[in-house]
file my_file-v1.cif (mmCIF, C-alpha atoms)
data_input
#
loop_
_atom_site.label_atom_id
_atom_site.label_comp_id
_atom_site.auth_asym_id
_atom_site.auth_seq_id
_atom_site.Cartn_x
_atom_site.Cartn_y
_atom_site.Cartn_z
CA MET A 1 76.08 -110.44 -32.85
CA THR A 2 74.16 -109.95 -29.59
CA ALA A 3 71.68 -112.39 -28.12
CA CYS A 4 68.76 -110.03 -28.94
CA GLN A 5 69.82 -109.82 -32.60
CA LYS A 6 70.09 -113.60 -32.81
CA ALA A 7 66.60 -114.02 -31.36
CA ALA A 8 65.07 -111.37 -33.65
CA ARG A 9 66.70 -112.61 -36.90
CA PRO A 10 64.21 -115.50 -37.62
CA LEU A 11 61.25 -113.18 -36.89
CA THR A 12 62.62 -110.56 -39.30
CA ARG A 13 63.01 -113.13 -42.10
CA CYS A 14 59.46 -114.33 -41.53
CA LEU A 15 58.05 -110.82 -41.76
CA GLN A 16 60.04 -110.16 -44.93
CA ASN A 17 58.59 -113.30 -46.55
CA ILE A 18 55.04 -112.26 -45.59
CA SER A 19 55.45 -108.74 -46.95
CA SER A 20 56.90 -110.05 -50.26
CA SER A 21 54.03 -112.50 -50.71
CA ASN A 22 51.47 -109.74 -50.03
CA THR A 23 53.22 -107.49 -52.57
CA SER A 24 53.09 -110.20 -55.25
CA MET A 25 49.41 -110.81 -54.57
CA LEU A 26 48.66 -107.09 -54.84
CA ALA A 27 50.62 -106.94 -58.14
CA PHE A 28 48.39 -109.59 -59.75
CA ARG A 29 45.15 -108.23 -58.26
CA SER A 30 42.69 -107.26 -61.00
CA PHE A 31 40.61 -104.11 -60.93
CA THR A 32 37.15 -104.46 -59.42
CA SER A 33 34.32 -102.20 -58.30
CA SER A 34 33.66 -104.10 -55.04
CA ALA A 35 34.86 -102.84 -51.65
CA ARG A 36 38.07 -104.11 -50.14
CA SER A 37 38.04 -106.59 -47.27
CA HIS A 38 39.06 -104.18 -44.50
CA GLU A 39 36.45 -101.65 -45.67
CA ALA A 40 33.77 -104.32 -45.49
CA ALA A 41 34.95 -105.15 -41.98
CA VAL A 42 34.69 -101.48 -40.98
CA GLU A 43 31.18 -101.27 -42.40
CA THR A 44 30.22 -104.42 -40.49
CA VAL A 45 31.52 -102.97 -37.22
CA LEU A 46 29.76 -99.65 -37.79
CA SER A 47 26.45 -101.34 -38.59
CA LYS A 48 26.57 -103.42 -35.41
CA PRO A 49 23.30 -102.73 -33.51
CA LEU A 50 23.36 -101.03 -30.12
CA LEU A 51 22.29 -102.79 -26.93
CA ASP A 52 18.53 -103.23 -26.67
CA PRO A 53 17.19 -102.58 -23.13
CA ALA A 54 14.40 -105.11 -23.79
CA THR A 55 16.72 -108.04 -24.63
CA VAL A 56 20.00 -107.63 -22.70
CA THR A 57 20.66 -110.63 -20.45
CA SER A 58 24.23 -110.45 -19.15
CA GLY A 59 25.34 -108.33 -16.25
CA ARG A 60 28.04 -106.70 -18.34
CA GLU A 61 25.55 -105.48 -20.95
CA GLU A 62 23.21 -104.24 -18.21
CA ARG A 63 26.02 -102.20 -16.62
CA LYS A 64 26.89 -100.68 -20.03
CA LEU A 65 23.27 -99.64 -20.51
CA ILE A 66 23.02 -98.14 -17.03
CA ARG A 67 26.25 -96.18 -17.55
CA SER A 68 24.80 -94.75 -20.76
CA GLY A 69 21.70 -93.59 -18.88
CA ILE A 70 19.28 -96.32 -20.05
CA MET A 71 17.72 -98.78 -17.62
CA PRO A 72 17.02 -102.41 -18.68
CA ILE A 73 13.32 -103.16 -19.10
CA GLY A 74 11.73 -105.79 -16.89
CA SER A 75 13.40 -108.79 -15.33
CA ARG A 76 16.37 -110.64 -16.80
CA ARG A 77 14.28 -113.78 -17.12
CA ARG A 78 11.70 -111.97 -19.27
CA ARG A 79 14.39 -110.35 -21.44
CA ALA A 80 15.96 -113.78 -22.04
CA ALA A 81 12.58 -115.14 -23.17
CA LEU A 82 12.06 -112.23 -25.56
CA ARG A 83 15.59 -112.61 -26.94
CA SER A 84 15.04 -116.27 -27.84
CA SER A 85 11.53 -115.85 -29.23
CA ASN A 86 12.42 -114.58 -32.75
CA ASP A 87 10.36 -111.37 -32.42
CA PHE A 88 7.12 -113.10 -31.48
CA PRO A 89 4.56 -110.89 -29.71
CA PHE A 90 4.70 -111.37 -25.96
CA GLU A 91 1.23 -112.92 -25.76
CA GLN A 92 2.17 -115.43 -28.52
CA LEU A 93 5.38 -116.79 -27.05
CA PRO A 94 5.71 -120.43 -28.21
CA TYR A 95 5.77 -122.01 -24.75
CA GLN A 96 3.04 -124.56 -24.13
CA CYS A 97 2.99 -124.05 -20.36
CA PHE A 98 2.72 -120.28 -20.84
CA GLN A 99 -0.21 -120.60 -23.25
CA GLU A 100 -2.05 -123.11 -21.01
CA ALA A 101 -1.61 -120.79 -18.02
CA ARG A 102 -3.05 -117.93 -20.07
CA LYS A 103 -6.18 -120.01 -20.75
CA VAL A 104 -6.67 -120.56 -17.00
CA LEU A 105 -6.15 -116.87 -16.29
CA ARG A 106 -8.56 -115.90 -19.08
CA ALA A 107 -11.30 -118.09 -17.58
CA ASP A 108 -10.68 -116.60 -14.11
CA ARG A 109 -10.91 -113.08 -15.54
CA GLU A 110 -14.26 -113.84 -17.15
CA GLU A 111 -15.62 -114.93 -13.77
CA LYS A 112 -14.36 -111.70 -12.16
CA ILE A 113 -16.00 -109.64 -14.94
CA LYS A 114 -19.36 -111.32 -14.20
CA GLU A 115 -18.92 -110.46 -10.51
CA ILE A 116 -18.12 -106.84 -11.47
CA GLN A 117 -21.30 -106.59 -13.53
CA THR A 118 -23.34 -108.04 -10.66
CA GLU A 119 -21.81 -105.60 -8.16
CA ARG A 120 -22.50 -102.64 -10.46
CA LEU A 121 -26.14 -103.72 -10.73
CA ARG A 122 -26.40 -103.92 -6.92
CA ILE A 123 -24.92 -100.43 -6.57
CA SER A 124 -27.34 -98.97 -9.13
CA ASN A 125 -30.31 -100.60 -7.34
CA LEU A 126 -29.15 -99.24 -3.98
CA VAL A 127 -28.74 -95.71 -5.41
CA ALA A 128 -32.30 -95.85 -6.78
CA GLN A 129 -33.77 -96.78 -3.37
CA ASP A 130 -35.11 -94.13 -1.01
CA SER A 131 -32.98 -93.58 2.11
CA SER A 132 -36.08 -93.50 4.33
CA ILE A 133 -36.44 -97.30 4.14
CA PHE A 134 -33.14 -97.73 6.00
CA ARG A 135 -33.02 -97.63 9.77
CA GLY A 136 -29.98 -95.35 9.77
CA GLY A 137 -31.30 -93.09 7.02
CA GLU A 138 -29.04 -91.40 4.49
CA MET A 139 -25.91 -92.03 6.55
CA HIS A 140 -26.47 -95.79 6.53
CA LYS A 141 -27.13 -95.72 2.76
CA GLN A 142 -23.92 -93.80 2.03
CA ARG A 143 -21.95 -96.15 4.26
CA ARG A 144 -23.22 -99.17 2.33
CA LEU A 145 -22.51 -97.50 -1.00
CA HIS A 146 -18.97 -96.70 0.11
CA GLY A 147 -18.34 -100.33 1.07
CA MET A 148 -19.82 -101.67 -2.18
CA ARG A 149 -17.77 -99.28 -4.33
CA LYS A 150 -14.66 -100.25 -2.46
CA HIS A 151 -15.42 -103.93 -3.12
CA LEU A 152 -15.99 -103.07 -6.81
CA GLU A 153 -12.52 -101.52 -7.05
CA TRP A 154 -11.05 -104.63 -5.43
CA LEU A 155 -12.79 -106.85 -8.03
CA LYS A 156 -11.34 -104.72 -10.85
CA ILE A 157 -7.86 -105.26 -9.45
CA GLN A 158 -8.36 -109.00 -9.02
CA ALA A 159 -9.55 -109.33 -12.61
CA ASP A 160 -6.19 -108.14 -13.96
CA ILE A 161 -3.70 -108.88 -11.18
CA ASN A 162 -2.39 -112.09 -12.81
CA ASP A 163 -2.43 -110.97 -16.44
CA PRO A 164 1.15 -111.17 -17.83
CA LEU A 165 0.45 -108.40 -20.35
CA ILE A 166 -0.57 -106.05 -17.53
CA LYS A 167 2.63 -106.83 -15.65
CA LYS A 168 4.69 -106.38 -18.82
CA ARG A 169 3.21 -102.92 -19.50
CA PHE A 170 3.78 -101.92 -15.88
CA GLU A 171 7.41 -103.04 -15.95
CA ASP A 172 7.92 -101.17 -19.24
CA GLY A 173 6.49 -97.98 -17.71
CA GLU A 174 3.52 -97.98 -20.10
CA GLY A 175 0.77 -98.46 -17.51
CA ASP A 176 -2.26 -96.14 -17.46
CA MET A 177 -2.50 -94.77 -13.91
CA ASP A 178 -6.19 -94.02 -14.44
CA LYS A 179 -6.82 -97.77 -14.12
CA PRO A 180 -7.01 -99.33 -10.63
CA ILE A 181 -4.65 -102.22 -11.44
CA TYR A 182 -1.72 -99.97 -12.36
CA ARG A 183 -2.27 -97.76 -9.32
CA TYR A 184 -2.30 -100.88 -7.16
CA LEU A 185 0.94 -102.21 -8.67
CA ALA A 186 2.66 -98.81 -8.35
CA ASP A 187 1.55 -98.51 -4.72
CA ARG A 188 2.84 -102.00 -3.92
CA LYS A 189 6.18 -101.27 -5.55
CA TRP A 190 6.50 -97.95 -3.67
CA ARG A 191 5.70 -99.53 -0.31
CA SER A 192 8.25 -102.31 -0.85
CA TYR A 193 11.24 -99.93 -0.64
CA GLN A 194 10.79 -96.20 -1.20
CA ARG A 195 8.18 -95.71 1.51
CA LEU A 196 10.30 -97.63 4.00
CA LEU A 197 13.24 -95.36 3.15
CA ILE A 198 11.35 -92.09 3.57
CA ASP A 199 9.74 -93.36 6.78
CA GLN A 200 13.18 -94.20 8.14
CA ARG A 201 14.52 -90.73 7.28
CA ILE A 202 11.50 -89.04 8.90
CA HIS A 203 12.20 -90.69 12.25
CA GLN A 204 15.98 -90.72 11.89
CA LEU A 205 16.15 -86.94 11.38
CA ASN A 206 13.35 -86.30 13.92
CA ILE A 207 10.94 -84.68 11.46
CA VAL A 208 8.42 -86.45 13.66
CA PRO A 209 7.85 -85.08 16.32
CA ASP A 210 9.71 -81.78 15.62
CA LEU A 211 7.25 -80.66 12.91
CA LEU A 212 4.31 -83.06 13.22
CA PRO A 213 3.25 -85.33 16.09
CA HIS A 214 2.39 -88.16 13.70
CA PHE A 215 2.70 -88.68 9.96
CA GLU A 216 2.10 -91.62 7.59
CA PRO A 217 3.09 -90.95 3.93
CA ARG A 218 0.47 -91.90 1.34
CA ALA A 219 2.04 -90.38 -1.79
CA ASP A 220 5.41 -90.87 -3.44
CA VAL A 221 7.25 -87.52 -3.55
CA ARG A 222 10.46 -87.37 -5.62
CA LEU A 223 12.75 -84.33 -5.53
CA ALA A 224 15.14 -83.07 -8.22
CA PHE A 225 17.20 -79.92 -8.83
CA LEU A 226 17.61 -79.54 -12.59
CA ARG A 227 18.90 -83.03 -13.57
CA ARG A 228 20.12 -83.95 -10.08
CA ASN A 229 17.82 -86.46 -8.36
CA VAL A 230 17.94 -86.06 -4.58
CA GLN A 231 17.83 -89.00 -2.18
CA PRO A 232 15.88 -88.44 1.06
CA GLY A 233 18.11 -86.83 3.70
CA GLU A 234 21.01 -86.13 1.32
CA ILE A 235 23.37 -83.22 2.08
CA LEU A 236 23.33 -80.88 -0.93
CA ASP A 237 25.71 -78.20 -2.05
CA SER A 238 24.17 -74.76 -1.52
CA ARG A 239 24.74 -73.88 -5.19
CA ILE A 240 22.63 -76.86 -6.32
CA SER A 241 19.66 -75.92 -4.10
CA GLU A 242 19.80 -72.24 -5.09
CA LEU A 243 17.17 -72.69 -7.82
CA PRO A 244 13.63 -74.00 -7.16
CA PRO A 245 13.36 -77.80 -7.39
CA ARG A 246 10.97 -79.97 -9.34
CA LEU A 247 8.66 -82.40 -7.55
CA LYS A 248 7.11 -85.58 -8.88
CA VAL A 249 4.10 -86.44 -6.73
CA GLN A 250 2.50 -89.82 -7.44
CA VAL A 251 -0.81 -90.49 -5.69
CA PHE A 252 -2.40 -93.92 -5.72
CA ASP A 253 -6.11 -93.13 -5.36
CA LYS A 254 -8.30 -91.96 -8.22
CA GLY A 255 -9.45 -88.42 -8.84
CA GLU A 256 -7.99 -84.95 -8.99
CA ARG A 257 -7.33 -82.96 -5.83
CA LEU A 258 -5.80 -79.62 -4.80
CA VAL A 259 -2.62 -79.61 -2.73
CA THR A 260 -0.40 -77.10 -0.97
CA VAL A 261 3.40 -77.40 -1.24
CA ILE A 262 5.55 -75.97 1.53
CA ALA A 263 9.30 -76.06 2.24
CA ILE A 264 10.46 -75.56 5.84
CA ASP A 265 13.86 -75.17 7.47
CA SER A 266 13.38 -76.46 11.00
CA ASP A 267 16.92 -75.67 12.28
CA VAL A 268 17.15 -71.87 12.22
CA PRO A 269 19.24 -70.65 15.20
CA ASP A 270 17.43 -68.35 17.63
CA ILE A 271 20.27 -66.45 19.33
CA GLU A 272 18.10 -64.49 21.76
CA ASN A 273 16.39 -67.55 23.23
CA ASP A 274 19.36 -69.89 22.71
CA SER A 275 17.23 -72.38 20.77
CA PHE A 276 16.02 -73.15 17.25
CA THR A 277 13.02 -71.99 15.26
CA ALA A 278 11.59 -72.64 11.77
CA ARG A 279 11.62 -70.65 8.52
CA CYS A 280 9.32 -71.05 5.51
CA HIS A 281 11.35 -71.20 2.29
CA TYR A 282 8.47 -71.78 -0.13
CA LEU A 283 4.67 -71.85 -0.08
CA ALA A 284 2.19 -72.41 -2.91
CA ALA A 285 -1.44 -73.54 -2.74
CA ASN A 286 -4.30 -74.63 -5.02
CA ILE A 287 -2.04 -76.88 -7.14
CA PRO A 288 -3.98 -79.66 -8.93
CA ILE A 289 -2.57 -83.17 -9.03
CA SER A 290 -3.93 -86.58 -10.06
CA PRO A 291 -2.57 -90.09 -10.70
CA THR A 292 -1.64 -88.99 -14.24
CA GLN A 293 -0.67 -85.38 -13.46
CA THR A 294 2.44 -85.81 -11.33
CA SER A 295 4.99 -83.12 -12.28
CA LEU A 296 5.19 -80.07 -9.98
CA PRO A 297 7.89 -77.56 -11.00
CA LEU A 298 7.95 -75.11 -8.09
CA SER A 299 9.20 -72.33 -10.37
CA LYS A 300 6.02 -72.44 -12.48
CA ALA A 301 3.47 -71.72 -9.75
CA LEU A 302 1.06 -68.98 -10.83
CA PRO A 303 1.81 -65.78 -8.87
CA ASP A 304 -1.84 -64.61 -8.72
CA THR A 305 -3.66 -67.82 -7.79
CA GLN A 306 -1.04 -70.22 -6.37
CA LEU A 307 2.25 -68.66 -5.20
CA VAL A 308 2.37 -67.27 -1.67
CA LEU A 309 6.11 -67.18 -0.89
CA PRO A 310 8.71 -67.66 -3.65
CA TRP A 311 11.69 -69.97 -3.30
CA LEU A 312 14.33 -68.79 -0.81
CA PRO A 313 17.67 -70.61 -1.25
CA PRO A 314 18.51 -72.79 1.78
CA PHE A 315 21.59 -71.67 3.71
CA ALA A 316 23.41 -72.54 6.92
CA GLN A 317 25.78 -70.10 8.61
CA LYS A 318 29.28 -71.15 9.50
CA GLY A 319 29.47 -73.10 12.74
CA SER A 320 25.78 -74.05 12.84
CA PRO A 321 24.73 -77.71 12.55
CA TYR A 322 23.13 -79.02 9.36
CA HIS A 323 19.72 -77.61 8.48
CA ARG A 324 16.86 -79.98 7.64
CA LEU A 325 14.81 -78.79 4.65
CA SER A 326 11.46 -80.62 4.53
CA ILE A 327 9.15 -80.27 1.52
CA PHE A 328 5.61 -81.32 2.45
CA VAL A 329 2.65 -81.97 0.14
CA LEU A 330 -0.59 -81.12 1.98
CA GLN A 331 -3.95 -82.18 0.59
CA GLN A 332 -6.65 -79.51 0.85
CA GLU A 333 -10.29 -80.07 1.66
CA ALA A 334 -12.27 -81.47 -1.27
CA GLY A 335 -13.55 -78.73 -3.56
CA LYS A 336 -12.15 -75.91 -1.43
CA GLU A 337 -9.58 -73.39 -2.62
CA ILE A 338 -7.31 -71.37 -0.33
CA ASN A 339 -7.46 -67.58 -0.29
CA ILE A 340 -4.01 -66.65 -1.60
CA GLU A 341 -4.30 -62.94 -0.74
CA TYR A 342 -5.11 -63.76 2.87
CA LEU A 343 -2.11 -66.10 3.13
CA LYS A 344 0.21 -63.47 1.64
CA LYS A 345 -0.79 -61.02 4.37
CA SER A 346 -0.75 -63.46 7.30
CA ILE A 347 2.19 -65.79 6.55
CA LYS A 348 5.74 -64.70 7.42
CA ARG A 349 8.92 -66.57 6.67
CA ASP A 350 10.63 -66.33 10.06
CA GLY A 351 9.12 -67.92 13.13
CA PHE A 352 6.87 -70.19 11.07
CA TYR A 353 4.84 -72.67 13.13
CA PHE A 354 3.96 -75.63 10.93
CA ARG A 355 1.57 -77.49 13.25
CA SER A 356 -0.79 -74.54 13.68
CA PHE A 357 -0.67 -73.84 9.93
CA VAL A 358 -1.80 -77.42 9.16
CA SER A 359 -4.53 -77.55 11.81
CA LYS A 360 -5.88 -74.06 11.09
CA ASN A 361 -6.35 -74.72 7.37
CA LYS A 362 -7.46 -78.36 7.88
CA PHE A 363 -4.74 -79.76 5.67
CA GLU A 364 -3.88 -83.46 5.45
CA PRO A 365 -0.16 -84.23 4.93
CA ILE A 366 0.15 -86.96 2.28
CA GLY A 367 3.82 -86.87 1.24
CA VAL A 368 7.23 -85.46 2.08
CA ASN A 369 10.81 -85.38 0.89
CA LEU A 370 13.79 -83.77 2.57
CA PHE A 371 17.42 -82.84 2.21
CA ARG A 372 20.06 -81.17 4.37
CA SER A 373 22.09 -78.01 3.93
CA VAL A 374 25.46 -77.11 5.51
CA TRP A 375 27.97 -74.27 5.24
CA ASP A 376 30.21 -74.79 2.22
CA GLU A 377 32.37 -72.77 -0.13
CA GLY A 378 29.38 -71.56 -2.16
CA THR A 379 27.09 -70.50 0.70
CA ALA A 380 28.40 -66.93 0.95
CA GLY A 381 27.82 -66.35 -2.77
CA VAL A 382 24.31 -67.86 -2.60
CA MET A 383 23.40 -65.60 0.34
CA LYS A 384 24.77 -62.53 -1.44
CA ARG A 385 22.82 -63.23 -4.65
CA ALA A 386 19.62 -63.81 -2.64
CA GLY A 387 20.11 -60.61 -0.61
CA ILE A 388 20.52 -62.44 2.70
CA GLU A 389 22.63 -60.70 5.33
CA ASP A 390 24.99 -62.09 8.00
CA ALA A 391 27.00 -64.23 5.60
CA ASP A 392 30.08 -63.46 7.73
CA LEU A 393 28.36 -64.55 10.96
CA GLU A 394 29.97 -67.56 12.64
CA PHE A 395 28.53 -69.60 15.48
CA LYS A 396 30.81 -70.96 18.17
CA ARG A 397 29.99 -73.29 20.99
CA LYS A 398 30.17 -71.87 24.49
CA LYS A 399 32.51 -73.57 26.89
CA VAL A 400 30.38 -74.89 29.73
CA ILE A 401 32.16 -74.52 33.08
CA ALA A 402 31.48 -77.41 35.41
CA LEU A 403 29.77 -76.46 38.68
CA LYS A 404 31.38 -79.37 40.49
CA PRO A 405 34.39 -78.20 42.55
CA LYS A 406 37.81 -79.34 41.44
CA GLN A 407 39.03 -82.40 43.35
CA LYS A 408 42.47 -82.82 44.80
CA ALA A 409 44.93 -85.12 43.10
CA ARG A 410 44.95 -88.69 44.36
CA GLY A 411 47.09 -91.79 44.02
CA TRP A 412 49.78 -91.69 41.38
CA GLU A 413 49.02 -88.05 40.48
CA ALA A 414 49.43 -86.94 44.11
CA ARG A 415 52.74 -88.78 44.54
CA HIS A 416 54.16 -87.28 41.30
CA ALA A 417 52.85 -83.72 41.71
CA SER A 418 56.23 -82.16 42.55
CA GLU A 419 58.52 -80.45 40.03
CA LYS A 420 60.77 -83.47 40.12
CA TYR A 421 58.27 -85.40 38.00
CA ARG A 422 57.36 -82.54 35.70
CA SER A 423 58.58 -84.45 32.61
CA LEU A 424 56.02 -87.22 33.27
CA ARG A 425 53.04 -84.90 33.07
CA ARG A 426 51.02 -84.63 29.91
#

call {"tool": "encode", "arguments": {"input": "my_file-v1.cif", "output": "structure tokens"}}
result
Amino acid sequence: MTACQKAARPLTRCLQNISSSNTSMLAFRSFTSSARSHEAAVETVLSKPLLDPATVTSGREERKLIRSGIMPIGSRRRRAALRSSNDFPFEQLPYQCFQEARKVLRADREEKIKEIQTERLRISNLVAQDSSIFRGGEMHKQRRLHGMRKHLEWLKIQADINDPLIKKRFEDGEGDMDKPIYRYLADRKWRSYQRLLIDQRIHQLNIVPDLLPHFEPRADVRLAFLRRNVQPGEILDSRISELPPRLKVQVFDKGERLVTVIAIDSDVPDIENDSFTARCHYLAANIPISPTQTSLPLSKALPDTQLVLPWLPPFAQKGSPYHRLSIFVLQQEAGKEINIEYLKKSIKRDGFYFRSFVSKNKFEPIGVNLFRSVWDEGTAGVMKRAGIEDADLEFKRKKVIALKPKQKARGWEARHASEKYRSLRR
């Protein structure tokens, strides 16, 4: 008998005893209508609830949620409080310090509401007054009204800035962007990271000053192709950018306005002049947006009243450097629509000059997003489907011959210039 058989013999006897005891127990088992133990266990496992994005607290559970496409709601500290509160409403959490703080905040809000009512009364009295009693006339009156209304908006924000329910709704994505407090919180969140990122990309990729001498973004512009969200400055496959993208434009001031959306390639090679020029890949005007109306699918622009130039797929010929595709959102003058028929006749894709277009139509750039395009394995197919020629064109760098005369060999090179030292040369 081998060593392995000797070691396995006690284990085999033990298993035989267990199986015989189970068989005897099954033989004496009476008939019953209840489920068996392993079936009950299966039912228990199947009825196990999924992860709740409002109550997950561990990093492992958060990563599982994110991998499944669901983001955790709010901060981990808030989720832990909700998890241990036995389904109490958020405003009734049984924490004495929390409830006492809410009383202080409630009293402060009542004071701010009284100030809001007083400020509204002052504004109504000023509107009722004749402008002739002011030294500066109507201009001075409008200037005072503008300052008072601005102060009124600030009071509305201060009345709700410390309310935990307001912050909870904002973190849950349930805030009403028609209200000043939610616009203020969204603007503050955007400026903490996303605006810094887009501002860095604008200067890193020289969008300023190549297209505009100066630009300060005031609106959050997000870019997506189908379900693919694009990060600012990302290099995209030409097959992904073949179809028109979808924009999400979030403005942080109240009211509806008309905007123009334009996509520009600022790195088109100009062979005749040995330089680069710009090409317009998309142009649409008279598009309404507001703090609550944020989605802009470029493929759904109305051809009669909005669309000037349809989407042209971005492409870069072989050998050329990457092409910067900038998508600008330009705010039009208040209450003024653009003549689409005139733009269709005057605007051309090639040789597009963005600065003169902005200044001539008195546009105000408020937001931008950008990506880059390079030659890849799908570019030739994209150009063929779009009817673009010169897909087989390849750019090559010219070898620049130095004008400085060639110098004679010196030192070690001069001493080893004969054929005797030919093996030492590189």

call {"tool": "closest_atom_pairs", "arguments": {"input": "my_file-v1.cif", "of": "segment 240-334 of chain A", "to": "segment 389-399 of chain A", "cutoff": "7 Å", "atoms": "only C-alpha atoms", "output": "tab-separated table"}}
result
residue	atom	partner	partner_atom	distance
A:Gln317	CA	A:Glu394	CA	6.3
A:Lys318	CA	A:Glu394	CA	4.8
A:Gly319	CA	A:Phe395	CA	4.5
A:Ser320	CA	A:Phe395	CA	5.9

call {"tool": "write_last_selection", "arguments": {"input": "my_file-v1.cif", "atoms": "C-alpha atoms", "output": "mmCIF file, in the coordinates of the input"}}
result
data_model
loop_
_atom_site.group_PDB
_atom_site.id
_atom_site.type_symbol
_atom_site.label_atom_id
_atom_site.label_comp_id
_atom_site.auth_asym_id
_atom_site.auth_seq_id
_atom_site.Cartn_x
_atom_site.Cartn_y
_atom_site.Cartn_z
ATOM 1 C CA GLN A 317 25.780 -70.100 8.610
ATOM 2 C CA LYS A 318 29.280 -71.150 9.500
ATOM 3 C CA GLY A 319 29.470 -73.100 12.740
ATOM 4 C CA SER A 320 25.780 -74.050 12.840
#

call {"tool": "closest_residue", "arguments": {"input": "my_file-v1.cif", "among": "A:Ile338, A:Ile235, A:Leu211, A:Leu93", "to": "Thr277 of chain A", "atoms": "only C-alpha atoms"}}
result
A:Leu211

call {"tool": "closest_atom_pairs", "arguments": {"input": "my_file-v1.cif", "of": "segment 112-199 of chain A", "to": "segment 239-252 of chain A", "cutoff": "8 Å", "atoms": "all atoms listed in the file", "output": "tab-separated table"}}
result
residue	atom	partner	partner_atom	distance
A:Arg183	CA	A:Phe252	CA	5.3
A:Tyr184	CA	A:Phe252	CA	7.1
A:Ala186	CA	A:Phe252	CA	7.5
A:Asp187	CA	A:Phe252	CA	6.1

call {"tool": "resolve_selection", "arguments": {"input": "my_file-v1.cif", "expression": "the PyMOL selection byres ((chain A and resi 177) around 10)", "output": "PyMOL selection string"}}
result
chain A and resi 170+174-176+178-186+250-254+290-293

call {"tool": "closest_residue", "arguments": {"input": "my_file-v1.cif", "among": "A:Thr57, A:Ser359, A:Asn206, A:Thr260", "to": "Leu82 of chain A", "atoms": "all atoms listed in the file"}}
result
A:Thr57

call {"tool": "resolve_selection", "arguments": {"input": "my_file-v1.cif", "expression": "the PyMOL selection byres ((chain A and resi 307) around 9)", "output": "JSON, numbers by chain"}}
result
{"A": [282, 283, 284, 285, 286, 301, 302, 303, 304, 305, 306, 308, 309, 310, 340, 344]}

call {"tool": "closest_residue", "arguments": {"input": "my_file-v1.cif", "among": "A:Ser238, A:Ser299, A:Asn369, A:Ser326", "to": "Cys280 of chain A", "atoms": "all atoms listed in the file"}}
result
A:Ser326

call {"tool": "resolve_selection", "arguments": {"input": "my_file-v1.cif", "expression": "the PyMOL selection byres ((chain A and resi 147-151) around 10)", "output": "mmCIF file with C-alpha atoms, in the frame of the given file"}}
result
data_model
loop_
_atom_site.group_PDB
_atom_site.id
_atom_site.type_symbol
_atom_site.label_atom_id
_atom_site.label_comp_id
_atom_site.auth_asym_id
_atom_site.auth_seq_id
_atom_site.Cartn_x
_atom_site.Cartn_y
_atom_site.Cartn_z
ATOM 1 C CA ILE A 116 -18.120 -106.840 -11.470
ATOM 2 C CA GLU A 119 -21.810 -105.600 -8.160
ATOM 3 C CA ARG A 120 -22.500 -102.640 -10.460
ATOM 4 C CA ARG A 122 -26.400 -103.920 -6.920
ATOM 5 C CA ILE A 123 -24.920 -100.430 -6.570
ATOM 6 C CA LEU A 126 -29.150 -99.240 -3.980
ATOM 7 C CA GLN A 142 -23.920 -93.800 2.030
ATOM 8 C CA ARG A 143 -21.950 -96.150 4.260
ATOM 9 C CA ARG A 144 -23.220 -99.170 2.330
ATOM 10 C CA LEU A 145 -22.510 -97.500 -1.000
ATOM 11 C CA HIS A 146 -18.970 -96.700 0.110
ATOM 12 C CA LEU A 152 -15.990 -103.070 -6.810
ATOM 13 C CA GLU A 153 -12.520 -101.520 -7.050
ATOM 14 C CA TRP A 154 -11.050 -104.630 -5.430
ATOM 15 C CA LEU A 155 -12.790 -106.850 -8.030
ATOM 16 C CA LYS A 156 -11.340 -104.720 -10.850
ATOM 17 C CA ILE A 157 -7.860 -105.260 -9.450
#

call {"tool": "atom_distance", "arguments": {"input": "my_file-v1.cif", "atom1": "atom CA of Lys167 of chain A", "atom2": "atom CA of Gln194 of chain A"}}
result
19.7 Å

call {"tool": "closest_residue", "arguments": {"input": "my_file-v1.cif", "among": "A:Pro297, A:Pro405, A:Ile289, A:Arg102", "to": "Leu226 of chain A", "atoms": "only C-alpha atoms"}}
result
A:Pro297

call {"tool": "atom_distance", "arguments": {"input": "my_file-v1.cif", "atom1": "atom CA of Gln332 of chain A", "atom2": "atom CA of Lys362 of chain A"}}
result
7.2 Å

call {"tool": "atom_distance", "arguments": {"input": "my_file-v1.cif", "atom1": "atom CA of Trp190 of chain A", "atom2": "atom CA of Ile202 of chain A"}}
result
16.2 Å

call {"tool": "residues_near_point", "arguments": {"input": "my_file-v1.cif", "point": "(26.8, -68.7, -2.2)", "cutoff": "10 Å", "atoms": "only C-alpha atoms", "output": "JSON, numbers by chain"}}
result
{"A": [237, 238, 239, 242, 313, 315, 375, 376, 377, 378, 379, 380, 381, 382, 383, 384, 385, 386, 391]}

call {"tool": "residues_around", "arguments": {"input": "my_file-v1.cif", "residues": "Asp52 of chain A", "least_positions_apart": "5", "cutoff": "12 Å", "atoms": "all atoms listed in the file", "output": "list in words"}}
result
Thr57, Ser58, Glu61, Glu62, Lys64, Leu65, Ile66, Ile70, Met71, Pro72, Ile73, Arg79, Ala80, Leu82 and Arg83 of chain A

call {"tool": "write_last_selection", "arguments": {"input": "my_file-v1.cif", "atoms": "C-alpha atoms", "output": "compact mmCIF listing (two decimals), in the coordinates of the input"}}
result
# COMPACT_ATOMS: atom_id res chain seq x y z
CA THR A 57 20.66 -110.63 -20.45
CA SER A 58 24.23 -110.45 -19.15
CA GLU A 61 25.55 -105.48 -20.95
CA GLU A 62 23.21 -104.24 -18.21
CA LYS A 64 26.89 -100.68 -20.03
CA LEU A 65 23.27 -99.64 -20.51
CA ILE A 66 23.02 -98.14 -17.03
CA ILE A 70 19.28 -96.32 -20.05
CA MET A 71 17.72 -98.78 -17.62
CA PRO A 72 17.02 -102.41 -18.68
CA ILE A 73 13.32 -103.16 -19.10
CA ARG A 79 14.39 -110.35 -21.44
CA ALA A 80 15.96 -113.78 -22.04
CA LEU A 82 12.06 -112.23 -25.56
CA ARG A 83 15.59 -112.61 -26.94
